[in-house]
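Written below as structure tokens is the structure these notes are about.
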There are 2 protein chains.
Amino acid sequence: MILVSNDDGYMAKGINVLVRVLMEFGDVVVVAPHTGRSGKGCAITSEVPVKVWKVSEEQGLQVYACTGTPCDCVKIAFDSVLSRRPSLVVGGINHGDNSAVNAHYSGTMGVVLEGCMKEVPSIAFSLCSHDADADFSATLPVIRRVVAAVLQRGLPTGSCLNVNFPDVPSYAGVRVCRQAYGQWMNEWKGHEHPNGGTWYWLTGSFQCSESGSLDADKVALENNYVAITPTKIDLTDYSLLNDMQGWGL
Amino acid sequence: MILVSNDDGYMAKGINVLVRVLMEFGDVVVVAPHTGRSGKGCAITSEVPVKVWKVSEEQGLQVYACTGTPCDCVKIAFDSVLSRRPSLVVGGINHGDNSAVNAHYSGTMGVVLEGCMKEVPSIAFSLCSHDADADFSATLPVIRRVVAAVLQRGLPTGSCLNVNFPDVPSYAGVRVCRQAYGQWMNEWKGHEHPNGGTWYWLTGSFQCSESGSLDADKVALENNYVAITPTKIDLTDYSLLNDMQGWGL
């Protein structure tokens, strides 16, 4: 059984396309936000209670909606929805790019990092298009290959995959990448409220600081490659850890 | 100038204690959530606009409140509040433990990961107590030492520090650690709504899967050591990246 969630909500096109592919591999249970929860990263809900309810059911597929964050959806699925541990946790297909530092803000990656913390092989799929009616058809053969490989080989405990697709009809290839360096710039746009005061909308443009290596996920995407970034839940900088032993703290 | 934020809100005791210590090192600007935003990780606010306003001002200290997440606070500080780049971004002192996988859920770490993405040396401080009136006095000499060391030595671009204090009056010492392995268990408690239906509160207990090595931050804390975990924004699993080159995807 495969657990599926996302951050665009259970009704988004991306998750519904994904579910049909995954049903080729076994039973699917969806526990996904009842509405869009983009940019929620690994946020969890502690200040209010969360509700989860069955939306639909058919042969091989159960769909639940949840008022919580993407991480909450995975947590509550394991605790209170699923009758057994899933063989795979899959997030997506996200409507938008989750490469580079976007992995930190991504609710889709929240799903997959949470699945990884539960020690189940976990894969995020994202398409570099925010179009609600985006064309996911080119992604499907690659999703099949990646899912089949992970079901056969497994993933190391504590690691998951962040798979991003360029928004093109055919790919230059598939590359296993590292997270690209870069940062968001010019992130806020201020607007005067009619009754006074400034309110700011989050916006911005991503400035990649890579010099063109296809080993970097963002660069691979820009060159029409599918980018697969193996991702760890262990955030430790072991090199700095060694250096700091000499700091005398 | 030092930028300070947190996830407990600008009025929390922890941030106010921290500000007084940091003012020994230079001017301080606080841009912090106007209310508690615990467990928000690296969440950002895209679906509604965000407001920021000055709450108070004195010699060497300006305090702003913001309706956004901890990450938003740092983003909007850099974009629209600060007149120049800070020499340091500091998060905390958090009321609660941010060791082990808690780093992923922590809004305090959201502050510091965001500061790190902006390429400014960044440090998170957290005390293992949720008490709103917790006693932070033992933390102060260690905070002074860590801040002085980072101001003198800097940190590698893309790395920051996650400093956690045990809730004891005196420490066994200070250890530079790795993120401990473990996971949250029994995470939800269901309650019947008076009008029907079950609502779930997030709760749970953390199960450490370490065998007692003081190199693991959670274990060091349990043994009354201050745990400093050097933390990276690059989530790439380079070992798995190498392995996957042979997968033939």
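A note on labels: chains of the structure tokens are A, B, ... as shown, every chain counts residues from 1, and ligands are counted from 1 in their shown order.
Once Leu3 (chain B) and its same-chain neighbours fewer than 6 positions away are set aside, Val28, Val29, Val30, Pro86, Leu88, Val89 and Val90 of chain B remain within 7 Å of it when counting only C-alpha atoms.
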Sorted per-residue table, chain B near chain A, closest atoms and distance, 6 Å, only C-alpha atoms, as a Markdown table:
| residue | atom | partner | partner_atom | distance |
| --- | --- | --- | --- | --- |
| B:Gly39 | CA | A:Ile44 | CA | 5.4 |
| B:Lys40 | CA | A:Ala43 | CA | 4.2 |
| B:Gly41 | CA | A:Ala43 | CA | 4.9 |
| B:Cys42 | CA | A:Tyr105 | CA | 5.4 |
| B:Ala43 | CA | A:Lys40 | CA | 4.2 |
| B:Ile44 | CA | A:Gly39 | CA | 5.4 |
| B:Ser46 | CA | A:Leu202 | CA | 5.6 |
| B:Pro49 | CA | A:Trp201 | CA | 4.6 |
| B:Val50 | CA | A:Tyr200 | CA | 5.0 |
| B:Lys51 | CA | A:Trp199 | CA | 4.9 |
| B:Tyr105 | CA | A:Cys42 | CA | 5.4 |
| B:Arg178 | CA | A:Thr236 | CA | 5.5 |
| B:Gln179 | CA | A:Thr236 | CA | 5.8 |
| B:Trp199 | CA | A:Lys51 | CA | 4.9 |
| B:Tyr200 | CA | A:Val50 | CA | 5.0 |
| B:Trp201 | CA | A:Pro49 | CA | 4.6 |
| B:Leu202 | CA | A:Ser46 | CA | 5.6 |
| B:Pro230 | CA | A:Asp237 | CA | 5.2 |
| B:Thr231 | CA | A:Thr236 | CA | 4.6 |
| B:Lys232 | CA | A:Asp237 | CA | 5.3 |
| B:Leu235 | CA | A:Thr231 | CA | 5.3 |
| B:Thr236 | CA | A:Thr231 | CA | 4.6 |
| B:Asp237 | CA | A:Thr231 | CA | 5.1 |
| B:Leu241 | CA | A:Pro230 | CA | 5.9 |
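Excluding Ala32 (chain B) itself and any same-chain residue fewer than 4 positions from it, the protein and nucleic acid residues within 9 Å of it, counting only C-alpha atoms, are Val4, Ser5, Asn6, Asp7, Asp8, Gly9, Tyr10, Met11, Val63, Tyr64, Ala65, Cys66, Thr67, Gly68, Thr69, Pro70, Cys73 and Val74 of chain B.
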I'd like the neighbourhood of Gly60 (chain A) as JSON, numbers by chain, where a residue qualifies if any of its atoms comes within 12 Å (using only C-alpha atoms), though same-chain residues fewer than 4 positions away should be ignored. {"A": [1, 2, 3, 19, 20, 22, 23, 24, 25, 26, 27, 28, 29, 30, 56]}
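Distances here use only C-alpha atoms; by that measure, the residue among A:Ala12, A:Ala172, A:Ile123, A:Cys208 closest to Gly91 (chain A) is A:Ile123.
Across the structure, CA of Gly92 (chain B) and CA of Ser205 (chain A) are spaced 28.6 Å apart.
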From region 93-190 of chain A, collect each residue whose DSSP state is strand (DSSP E or B) and return the set as number ranges by chain. A: 93-95, 122-127, 159-165, 173-176, 178, 182-185, 188-190
All helix (DSSP H, G or I) residues (DSSP, backbone) inside region 49-243 of chain A, as number ranges by chain: A: 70-81, 102-105, 107-117, 139-153, 217-222, 238-243
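Computed from the coordinates, the CA of Tyr171 (chain A) to CA of Phe206 (chain A) distance equals 22.5 Å.
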Best match for closeness to His95 (chain B) among B:Ala138, B:Ile15, B:Ala220, B:Val147, counting only C-alpha atoms: B:Ile15
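In this model, the gap between CA of Ala132 (chain A) and CA of Phe165 (chain A) comes to 15.6 Å.
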